[in-house]
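Structure file final_13.txt (compact mmCIF, C-alpha atoms and all ligand atoms) follows.
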# COMPACT_ATOMS: atom_id res chain seq x y z
CA MET A 1 5.36 -12.17 13.05
CA LYS A 2 7.20 -9.29 11.44
CA ILE A 3 7.39 -9.04 7.64
CA THR A 4 11.18 -9.05 7.91
CA GLU A 5 11.00 -12.28 9.93
CA HIS A 6 8.73 -13.89 7.30
CA ILE A 7 11.27 -12.93 4.65
CA ALA A 8 14.20 -14.27 6.69
CA GLN A 9 12.34 -17.50 7.45
CA ALA A 10 11.58 -18.06 3.75
CA LYS A 11 15.37 -18.36 3.13
CA GLY A 12 15.30 -16.91 -0.37
CA LYS A 13 11.97 -18.41 -1.46
CA THR A 14 9.68 -15.71 -2.89
CA LEU A 15 6.51 -15.19 -0.84
CA PHE A 16 3.03 -14.26 -2.08
CA SER A 17 1.07 -11.39 -0.55
CA PHE A 18 -1.62 -8.95 -1.52
CA GLU A 19 -3.35 -5.70 -0.62
CA ILE A 20 -7.07 -5.22 -0.11
CA ILE A 21 -9.33 -2.19 0.23
CA PRO A 22 -11.94 -1.95 3.03
CA PRO A 23 -15.55 -2.16 1.84
CA GLN A 24 -17.54 1.02 1.42
CA LYS A 25 -19.34 2.17 4.54
CA GLY A 26 -22.65 0.29 4.80
CA LYS A 27 -21.46 -2.74 2.79
CA ASN A 28 -21.07 -6.22 4.22
CA ILE A 29 -17.57 -7.54 4.99
CA GLN A 30 -18.57 -10.93 3.53
CA GLU A 31 -17.74 -9.77 0.00
CA LEU A 32 -14.22 -9.02 1.17
CA TYR A 33 -13.91 -12.51 2.64
CA ASN A 34 -15.27 -13.99 -0.62
CA ASN A 35 -12.37 -12.32 -2.41
CA ILE A 36 -9.76 -13.33 0.15
CA ASP A 37 -10.86 -17.00 0.41
CA PRO A 38 -9.62 -18.08 -3.06
CA LEU A 39 -6.17 -16.53 -2.40
CA MET A 40 -5.49 -18.31 0.90
CA GLU A 41 -4.33 -21.52 -0.86
CA PHE A 42 -1.19 -19.57 -1.89
CA LYS A 43 -0.36 -19.10 1.80
CA PRO A 44 0.21 -15.35 2.06
CA PRO A 45 2.20 -14.66 5.23
CA PHE A 46 0.62 -11.21 5.35
CA ILE A 47 -2.20 -9.15 3.85
CA ASP A 48 -2.15 -5.34 3.60
CA VAL A 49 -5.28 -3.29 4.27
CA THR A 50 -5.38 0.24 2.83
CA THR A 51 -6.67 3.36 4.55
CA SER A 52 -8.66 5.91 2.58
CA ARG A 53 -8.38 9.65 2.97
CA GLU A 54 -11.38 11.49 4.35
CA GLU A 55 -13.44 13.47 1.85
CA TYR A 56 -16.01 16.23 1.82
CA ILE A 57 -19.67 15.55 1.14
CA TYR A 58 -22.34 18.21 0.78
CA ILE A 59 -25.75 17.72 2.38
CA ASP A 60 -28.74 19.80 1.31
CA LYS A 61 -30.14 21.50 4.42
CA ASP A 62 -33.12 23.73 3.65
CA GLY A 63 -31.60 24.79 0.35
CA LEU A 64 -28.14 25.38 1.81
CA LEU A 65 -25.31 22.96 1.28
CA ASP A 66 -23.80 21.79 4.55
CA ARG A 67 -20.22 20.49 4.18
CA LYS A 68 -19.35 17.38 6.17
CA THR A 69 -16.13 15.38 6.33
CA THR A 70 -16.45 11.63 6.03
CA ARG A 71 -14.37 8.54 5.36
CA MET A 72 -16.11 6.33 2.78
CA ARG A 73 -14.06 3.22 3.55
CA PRO A 74 -13.38 3.22 7.28
CA GLY A 75 -12.46 0.23 9.41
CA THR A 76 -8.85 -0.56 8.44
CA VAL A 77 -7.72 -1.65 11.90
CA GLY A 78 -10.97 -3.55 12.57
CA ILE A 79 -10.64 -5.38 9.26
CA CYS A 80 -7.00 -6.21 10.05
CA ALA A 81 -8.08 -7.72 13.36
CA ALA A 82 -10.98 -9.62 11.75
CA ILE A 83 -8.79 -11.10 9.00
CA LYS A 84 -5.98 -11.95 11.41
CA HIS A 85 -8.46 -13.81 13.59
CA LYS A 86 -10.37 -15.52 10.77
CA TYR A 87 -7.41 -16.67 8.65
CA ASN A 88 -4.59 -16.74 11.19
CA VAL A 89 -2.46 -14.52 8.97
CA ASP A 90 -0.50 -11.35 9.72
CA THR A 91 -2.17 -8.16 8.60
CA VAL A 92 -0.62 -4.79 7.80
CA PRO A 93 -2.76 -1.69 8.32
CA HIS A 94 -1.80 1.35 6.27
CA VAL A 95 -1.33 4.32 8.59
CA LEU A 96 -1.60 7.78 7.03
CA CYS A 97 -0.34 11.24 7.93
CA GLY A 98 -3.24 12.88 6.05
CA GLY A 99 -6.50 13.10 7.99
CA PHE A 100 -5.03 12.13 11.35
CA THR A 101 -3.57 14.15 14.19
CA LYS A 102 -0.47 12.73 15.87
CA GLU A 103 -2.62 11.87 18.91
CA GLU A 104 -5.13 9.95 16.79
CA THR A 105 -2.25 8.08 15.21
CA GLU A 106 -0.88 7.22 18.63
CA TYR A 107 -4.26 5.79 19.73
CA LEU A 108 -4.54 3.83 16.48
CA LEU A 109 -1.09 2.35 17.08
CA VAL A 110 -1.99 1.48 20.66
CA ASP A 111 -5.07 -0.37 19.31
CA CYS A 112 -2.84 -2.24 16.84
CA HIS A 113 -0.47 -3.22 19.62
CA TYR A 114 -3.29 -4.58 21.80
CA LEU A 115 -4.63 -6.52 18.81
CA GLY A 116 -1.28 -8.19 18.22
CA ILE A 117 -0.70 -6.41 14.90
CA GLU A 118 3.06 -6.29 14.51
CA ASN A 119 3.47 -4.56 11.14
CA VAL A 120 2.33 -1.18 9.82
CA MET A 121 2.83 0.66 6.53
CA ALA A 122 3.69 4.32 7.24
CA LEU A 123 2.40 6.57 4.44
CA ARG A 124 1.79 10.23 3.90
CA GLY A 125 -1.43 9.72 1.94
CA ASP A 126 -2.50 11.57 -1.18
CA ALA A 127 -4.04 15.00 -1.42
CA MET A 128 -7.77 15.13 -0.69
CA LYS A 129 -9.97 14.82 -3.80
CA HIS A 130 -10.62 18.55 -4.15
CA GLU A 131 -7.01 19.56 -3.41
CA GLN A 132 -4.24 19.77 -5.95
CA TYR A 133 -1.47 19.25 -3.39
CA PHE A 134 -1.24 17.43 -0.11
CA LYS A 135 -1.92 19.66 2.88
CA ALA A 136 -0.91 18.42 6.31
CA THR A 137 -3.80 17.97 8.72
CA ASN A 138 -3.77 20.35 11.71
CA GLY A 139 -1.71 18.59 14.35
CA GLY A 140 -0.68 15.86 11.88
CA HIS A 141 2.52 14.98 10.05
CA THR A 142 3.68 16.47 6.75
CA PHE A 143 5.90 13.65 5.52
CA ALA A 144 5.95 9.89 6.05
CA THR A 145 9.43 10.22 7.63
CA GLU A 146 7.87 11.99 10.61
CA LEU A 147 5.29 9.23 10.97
CA VAL A 148 8.05 6.59 10.88
CA SER A 149 9.82 8.50 13.67
CA GLN A 150 6.62 8.56 15.76
CA ILE A 151 6.18 4.79 15.36
CA GLN A 152 9.86 4.22 16.09
CA ASN A 153 9.52 6.35 19.24
CA LEU A 154 6.63 4.15 20.39
CA ASN A 155 8.90 1.16 19.83
CA THR A 156 11.23 2.65 22.41
CA GLY A 157 8.37 3.41 24.81
CA LYS A 158 8.29 7.11 23.97
CA TYR A 159 4.72 8.41 23.73
CA LEU A 160 3.81 11.87 22.42
CA HIS A 161 3.30 13.95 25.52
CA ASP A 162 3.13 11.59 28.42
CA VAL A 163 6.01 11.07 30.71
CA ILE A 164 5.23 7.48 31.52
CA ASP A 165 7.18 4.40 32.39
CA ALA A 166 6.23 2.04 29.58
CA ASP A 167 6.86 -1.52 30.66
CA ASP A 168 5.12 -2.94 27.58
CA LYS A 169 6.78 -1.45 24.51
CA ALA A 170 5.41 -1.85 21.01
CA ASP A 171 7.74 -3.45 18.50
CA PHE A 172 6.29 -2.55 15.11
CA CYS A 173 7.98 -3.59 11.90
CA ILE A 174 7.57 -0.54 9.66
CA GLY A 175 7.02 -0.55 5.90
CA VAL A 176 7.25 2.52 3.67
CA ALA A 177 6.47 3.32 0.04
CA GLY A 178 9.06 3.48 -2.75
CA TYR A 179 8.60 4.68 -6.33
CA PRO A 180 10.59 3.02 -9.16
CA GLU A 181 9.32 5.76 -11.51
CA LYS A 182 9.65 8.44 -8.77
CA HIS A 183 6.87 9.99 -6.71
CA LEU A 184 4.79 12.44 -8.75
CA GLU A 185 5.81 15.43 -6.61
CA ALA A 186 9.53 14.64 -6.39
CA PRO A 187 11.76 16.85 -8.57
CA SER A 188 13.90 13.84 -9.58
CA LEU A 189 14.34 10.14 -8.92
CA VAL A 190 17.67 10.86 -7.19
CA THR A 191 16.03 13.30 -4.76
CA ASP A 192 13.15 10.90 -4.16
CA LEU A 193 15.66 8.15 -3.31
CA LYS A 194 17.42 10.42 -0.80
CA ARG A 195 14.04 10.93 0.87
CA LEU A 196 13.43 7.20 0.87
CA LYS A 197 16.80 6.83 2.60
CA GLN A 198 15.58 9.31 5.26
CA LYS A 199 12.55 7.07 5.92
CA VAL A 200 14.81 4.05 6.32
CA ASP A 201 17.22 5.97 8.55
CA ALA A 202 14.22 7.01 10.69
CA GLY A 203 13.41 3.34 11.27
CA ALA A 204 11.63 1.81 8.26
CA ASP A 205 12.33 -1.93 8.01
CA TYR A 206 11.20 -2.59 4.45
CA VAL A 207 9.92 -0.86 1.32
CA VAL A 208 6.94 -1.77 -0.89
CA THR A 209 6.99 -0.24 -4.35
CA GLN A 210 4.34 1.58 -6.27
CA MET A 211 3.02 -0.57 -9.12
CA PHE A 212 5.16 -0.78 -12.26
CA PHE A 213 4.78 -2.68 -15.51
CA ASP A 214 8.38 -2.70 -16.69
CA ASN A 215 10.61 -4.86 -14.48
CA LYS A 216 13.69 -3.01 -15.73
CA LYS A 217 12.49 0.03 -13.77
CA TYR A 218 12.26 -2.04 -10.58
CA PHE A 219 15.71 -3.59 -11.07
CA GLU A 220 17.27 -0.17 -11.73
CA PHE A 221 15.46 1.29 -8.71
CA VAL A 222 16.76 -1.45 -6.41
CA ALA A 223 20.31 -1.00 -7.74
CA ALA A 224 20.11 2.79 -7.22
CA ALA A 225 18.63 2.32 -3.73
CA ARG A 226 21.48 -0.02 -2.74
CA LYS A 227 23.98 2.55 -4.02
CA GLU A 228 22.23 5.15 -1.85
CA GLY A 229 22.76 2.87 1.16
CA ILE A 230 19.16 1.58 1.41
CA MET A 231 19.76 -2.03 2.41
CA VAL A 232 16.29 -3.14 3.63
CA PRO A 233 14.09 -5.51 1.55
CA ILE A 234 12.39 -3.80 -1.40
CA ILE A 235 9.16 -5.64 -2.18
CA PRO A 236 7.76 -5.19 -5.70
CA GLY A 237 4.08 -4.24 -5.79
CA ILE A 238 2.37 -5.21 -9.05
CA LYS A 239 -1.07 -5.35 -10.55
CA PRO A 240 -2.69 -7.00 -13.55
CA ILE A 241 -4.39 -4.58 -15.94
CA ALA A 242 -8.11 -5.34 -15.74
CA VAL A 243 -10.03 -2.87 -17.93
CA LYS A 244 -9.22 -0.82 -21.04
CA ARG A 245 -9.63 2.41 -19.09
CA HIS A 246 -6.55 1.49 -17.06
CA LEU A 247 -4.46 2.64 -20.04
CA GLN A 248 -5.44 6.23 -19.15
CA LEU A 249 -6.23 5.86 -15.47
CA LEU A 250 -3.03 4.24 -14.16
CA PRO A 251 -0.61 6.75 -15.75
CA GLN A 252 -2.88 9.61 -14.67
CA VAL A 253 -3.29 8.54 -11.04
CA PHE A 254 0.08 6.89 -10.36
CA LYS A 255 2.29 8.73 -12.87
CA ILE A 256 3.68 5.50 -14.27
CA ASP A 257 4.47 4.41 -17.84
CA LEU A 258 3.00 1.38 -19.55
CA PRO A 259 5.14 -0.64 -22.00
CA GLU A 260 4.24 -0.37 -25.70
CA GLU A 261 3.69 -4.13 -26.12
CA LEU A 262 1.12 -4.13 -23.28
CA ILE A 263 -0.67 -1.05 -24.64
CA LYS A 264 -0.87 -2.67 -28.09
CA GLU A 265 -2.28 -5.92 -26.73
CA VAL A 266 -4.89 -4.15 -24.59
CA GLU A 267 -5.93 -1.87 -27.46
CA GLN A 268 -6.56 -4.90 -29.67
CA CYS A 269 -8.98 -6.42 -27.12
CA LYS A 270 -12.66 -6.50 -28.11
CA ASP A 271 -13.98 -6.22 -24.54
CA ASN A 272 -12.85 -6.00 -20.92
CA LYS A 273 -13.04 -9.79 -20.51
CA ALA A 274 -10.27 -10.04 -23.08
CA VAL A 275 -8.37 -7.18 -21.36
CA ARG A 276 -8.52 -9.06 -18.06
CA GLN A 277 -6.98 -12.11 -19.76
CA VAL A 278 -4.20 -10.03 -21.34
CA GLY A 279 -3.58 -8.43 -17.91
CA VAL A 280 -3.27 -11.83 -16.25
CA GLU A 281 -0.90 -13.21 -18.90
CA TYR A 282 1.29 -10.10 -18.79
CA CYS A 283 1.37 -10.15 -14.99
CA ILE A 284 2.37 -13.84 -14.97
CA GLN A 285 5.35 -13.09 -17.24
CA GLN A 286 6.29 -10.08 -15.12
CA SER A 287 6.00 -12.12 -11.91
CA LYS A 288 8.06 -15.00 -13.30
CA GLU A 289 10.92 -12.67 -14.17
CA LEU A 290 10.82 -11.05 -10.72
CA LEU A 291 10.68 -14.48 -9.09
CA LYS A 292 13.71 -15.61 -11.10
CA ALA A 293 15.55 -12.52 -9.88
CA GLY A 294 14.87 -13.65 -6.31
CA VAL A 295 12.60 -10.88 -5.05
CA PRO A 296 11.59 -11.46 -1.40
CA VAL A 297 7.84 -11.15 -1.94
CA LEU A 298 5.50 -10.70 -4.90
CA HIS A 299 2.91 -8.26 -3.57
CA TYR A 300 -0.28 -7.84 -5.62
CA TYR A 301 -2.66 -4.89 -5.66
CA SER A 302 -6.03 -6.65 -5.75
CA MET A 303 -8.26 -3.55 -5.81
CA GLY A 304 -11.05 -5.61 -4.26
CA LYS A 305 -11.44 -8.38 -6.84
CA SER A 306 -9.34 -11.51 -6.59
CA ASP A 307 -10.20 -13.70 -9.62
CA ASN A 308 -7.35 -12.24 -11.71
CA ILE A 309 -4.85 -12.33 -8.80
CA LYS A 310 -5.74 -16.00 -8.28
CA ALA A 311 -5.17 -16.70 -11.99
CA VAL A 312 -1.76 -14.96 -11.76
CA ALA A 313 -0.79 -16.85 -8.58
CA GLN A 314 -1.77 -20.15 -10.21
CA GLY A 315 0.56 -19.37 -13.08
CA VAL A 316 3.46 -18.37 -10.86
CA PHE A 317 3.48 -20.23 -7.51
C1 LIG B 1 2.78 0.47 -1.35
C2 LIG B 1 1.91 1.68 -1.27
C3 LIG B 1 0.76 1.67 -0.50
C4 LIG B 1 -0.06 2.81 -0.39
N1 LIG B 1 -1.20 2.77 0.37
C5 LIG B 1 -1.97 3.88 0.51
C6 LIG B 1 -3.13 3.90 1.33
O1 LIG B 1 -3.49 2.90 1.96
N2 LIG B 1 -3.85 5.05 1.42
C7 LIG B 1 -3.49 6.18 0.73
O2 LIG B 1 -4.19 7.21 0.86
N3 LIG B 1 -2.40 6.19 -0.06
C8 LIG B 1 -1.64 5.08 -0.19
N4 LIG B 1 -0.52 5.11 -1.00
C9 LIG B 1 -0.23 6.32 -1.76
C10 LIG B 1 0.67 7.32 -1.00
O3 LIG B 1 -0.02 7.78 0.15
C11 LIG B 1 0.98 8.46 -1.95
O4 LIG B 1 1.80 8.03 -2.98
C12 LIG B 1 1.49 9.75 -1.31
O5 LIG B 1 1.37 10.78 -2.25
C13 LIG B 1 2.94 9.69 -0.84
O6 LIG B 1 3.10 8.90 0.24
P1 LIG B 1 4.57 8.55 0.83
O7 LIG B 1 4.36 7.81 2.07
O8 LIG B 1 5.43 7.98 -0.22
O9 LIG B 1 5.05 10.05 1.18
P2 LIG B 1 6.46 10.69 1.54
O10 LIG B 1 7.50 9.65 1.72
O11 LIG B 1 6.22 11.63 2.63
O12 LIG B 1 6.81 11.46 0.20
C14 LIG B 1 5.87 12.34 -0.40
C15 LIG B 1 6.60 13.35 -1.29
O13 LIG B 1 7.31 14.26 -0.47
C16 LIG B 1 8.69 14.24 -0.80
N5 LIG B 1 9.43 14.42 0.47
C17 LIG B 1 9.64 13.50 1.43
N6 LIG B 1 10.31 14.04 2.45
C18 LIG B 1 10.53 15.35 2.13
C19 LIG B 1 11.15 16.45 2.78
N7 LIG B 1 11.72 16.31 3.95
N8 LIG B 1 11.15 17.65 2.14
C20 LIG B 1 10.57 17.82 0.93
N9 LIG B 1 9.96 16.80 0.27
C21 LIG B 1 9.94 15.59 0.87
C22 LIG B 1 8.94 12.91 -1.49
O14 LIG B 1 10.03 12.97 -2.39
C23 LIG B 1 7.63 12.71 -2.22
O15 LIG B 1 7.63 13.45 -3.43
C24 LIG B 1 0.29 3.98 -1.12
C25 LIG B 1 1.44 3.98 -1.93
C26 LIG B 1 2.24 2.85 -2.02
C27 LIG B 1 3.46 2.86 -2.90

Kindly return the structure encoded in the file as structure tokens.
Amino acid sequence: MKITEHIAQAKGKTLFSFEIIPPQKGKNIQELYNNIDPLMEFKPPFIDVTTSREEYIYIDKDGLLDRKTTRMRPGTVGICAAIKHKYNVDTVPHVLCGGFTKEETEYLLVDCHYLGIENVMALRGDAMKHEQYFKATNGGHTFATELVSQIQNLNTGKYLHDVIDADDKADFCIGVAGYPEKHLEAPSLVTDLKRLKQKVDAGADYVVTQMFFDNKKYFEFVAAARKEGIMVPIIPGIKPIAVKRHLQLLPQVFKIDLPEELIKEVEQCKDNKAVRQVGVEYCIQQSKELLKAGVPVLHYYSMGKSDNIKAVAQGVF
């Protein structure tokens, strides 16, 4: 079922969902299942599976370093199919511009269609680790808007180069990213919102936000988006702080602010066990306020471990 259909069917009741990361190449998928199992009692209608950018590795070959490109966490579509089959739940693969040609993206989408995957998140992807700025892959897209258009074209039976009569059209529900504290490269929040509007005009059906820790920013973002004419569901994505290092890491990586009260509480913690507890309690309060405001879904970034997401869900749902 499409995410928008899940939301419509819930008739105003807030749904629970979460995002997972594929295991590292060479690791067993069982650990992923062990982290999903405890969350299934909260009946997520869908689970997102991220896609990682490719990266360079250097292999010593007779004293010379040979550069190879590899993806450390492959398998997004396979994992989506496995989870869908095992738990009978909808899965949402993240589809990236970066690292994929348009043709590769088309084949990936065809796979999704055959597997009965009805939702995809269309994302540009971040810059590669060694790059300061995002560089489009040769033959790939530069912005997520273009990727949304490609998916939307497939929905109308329009493939990239082939002049074919498609009698079995895809019908993907398309999610895109939104940034309550603006995307790090955008010159202003207003400009960023105009670009979000372009993604919706190109065919995006819903928005999932970057994590935020101050609900006011989400509420203001939704109000500004509505003013801009963005009328699709805007799903808040949130995450409980789990380790002290997050105080530096999250602002650095995601360019987001943390509220003073949360910083103070985390700084007073003796160890990361105490930080995890503070993170859970803060996230419960944040979730309860969002729930009261009637958000369509509370979407949690699990980052692989689910014990804290389970503790939050127990306190909220
Ligand atoms: C919910 C969510 C899930 C994510 N999942 C993943 C994942 O699985 N894997 C991963 O690698 N990353 C993921 N990301 C991170 C995302 O890939 C990065 O934030 C990336 O830098 C931007 O992606 P985007 O789709 O928002 O890009 P875009 O919408 O293309 O925007 C990127 C930047 O370009 C600007 N822009 C857009 N259109 C134009 C234009 N026409 N002209 C000039 N500027 C323009 C925007 O304002 C913005 O600053 C996720 C982010 C979110 C919020």

Practice task
List all protein, DNA and RNA residues that have an atom no more than 6 Å from any atom of ligand LIG 1 (chain B), counting only C-alpha atoms and all ligand atoms, and report them as a PyMOL selection string.
Solution key: chain A and resi 50-53+94+123-126+143-144+177-178+183+185-186+192+195+208-210

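A straight line drawn from CA of Pro233 in chain A to CA of Phe46 in chain A is 15.1 Å long.
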
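Counting all atoms listed in the file and comparing A:Lys305, A:Arg245, A:His113, A:Lys310, the residue that lies closest to Phe172 in chain A is A:His113.
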
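Going from CA of Gly175 in chain A to CA of Glu54 in chain A covers 22.0 Å.
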
Practice task
Do a neighbour search on Gly78 in chain A at 10 Å with all atoms listed in the file, toss out local chain neighbours closer than 5 positions, and write the hits as a list of chain:residue names.
Solution key: A:Pro22, A:Ile83, A:Lys84, A:Pro93, A:Asp111, A:Cys112, A:Leu115

Using C-alpha atoms, can you write the selected residues to a file as a PDB file, in the coordinates of the input?
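What follows is the written file result.pdb:
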ATOM      1  CA  PRO A  22     -11.940  -1.950   3.030  1.00  0.00           C
ATOM      2  CA  ILE A  83      -8.790 -11.100   9.000  1.00  0.00           C
ATOM      3  CA  LYS A  84      -5.980 -11.950  11.410  1.00  0.00           C
ATOM      4  CA  PRO A  93      -2.760  -1.690   8.320  1.00  0.00           C
ATOM      5  CA  ASP A 111      -5.070  -0.370  19.310  1.00  0.00           C
ATOM      6  CA  CYS A 112      -2.840  -2.240  16.840  1.00  0.00           C
ATOM      7  CA  LEU A 115      -4.630  -6.520  18.810  1.00  0.00           C
TER       8      LEU A 115
END

Exercise for the section: Pick out the residues sitting within 12 Å of Lys25 in chain A, and hand them over as a ChimeraX atom specification; count only C-alpha atoms, and ignore anything fewer than 5 positions along from it in its own chain. Expected result: /A:52,70-76

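Comparing the minimum interatomic distances between Met128 in chain A and each of A:Tyr56, A:Thr105, A:Gln152, A:Gly294, counting all atoms listed in the file, we find that A:Tyr56 sits nearest.
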
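CA of Val232 in chain A to CA of Val92 in chain A spans 17.5 Å [interatomic distance, one decimal].
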
With only C-alpha atoms as the counted atoms, please give the residues lying no more than 7 Å from range 283-285 of chain A, apart from itself and same-chain residues fewer than 5 positions off, as a compact mmCIF listing (two decimals) with C-alpha atoms, in the frame of the given file.
# COMPACT_ATOMS: atom_id res chain seq x y z
CA LYS A 239 -1.07 -5.35 -10.55
CA PRO A 240 -2.69 -7.00 -13.55
CA VAL A 312 -1.76 -14.96 -11.76
CA GLY A 315 0.56 -19.37 -13.08
CA VAL A 316 3.46 -18.37 -10.86

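Nearest residue to Ala311 in chain A among A:Asn272, A:Asn88, A:Gln277, A:Gln286 is A:Gln277, counting all atoms listed in the file.
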
Using all atoms of range 112-120 of chain A that appear in the file, construct an axis-aligned enclosing box with 8 Å of padding on every side and provide its centre coordinates and edge lengths in Å, rounded to one decimal, as JSON.
{"center_x": -0.6, "center_y": -4.7, "center_z": 15.8, "size_x": 24.1, "size_y": 23.0, "size_z": 28.0}

Exercise for the section: Scan for residues within 9 Å of the point (-4.7, 14.8, -12.9) in the coordinates of the file, using all atoms listed in the file, and reply as an NGL selection string. Expected result: :A and (132 or 252-253)

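Residue nearest Lys199 in chain A, chosen from A:Val49, A:Ala8, A:Cys97, A:Val176 and counting only C-alpha atoms: A:Val176.
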
Handout entry: Shell of 12 Å around Ile3 in chain A, all atoms listed in the file, local chain residues under 4 positions omitted, as a PyMOL selection string
Key = chain A and resi 7-10+15-17+44-48+89-92+117-121+172-175+204-208+232-235+296-297

Practice task
May I have the residues within 10 Å of Glu265 in chain A as a PyMOL selection string, using only C-alpha atoms and disregarding those fewer than 6 positions away in the same chain?
Solution key: chain A and resi 274-275+278-279+282

Practice task
Please identify all polymer residues lying at most 10 Å from the point (10.1, -7.8, -12.2) (file coordinates), using all atoms listed in the file, and present the result as an NGL selection string.
Solution key: :A and (212-219 or 236-238 or 283 or 285-295 or 298)
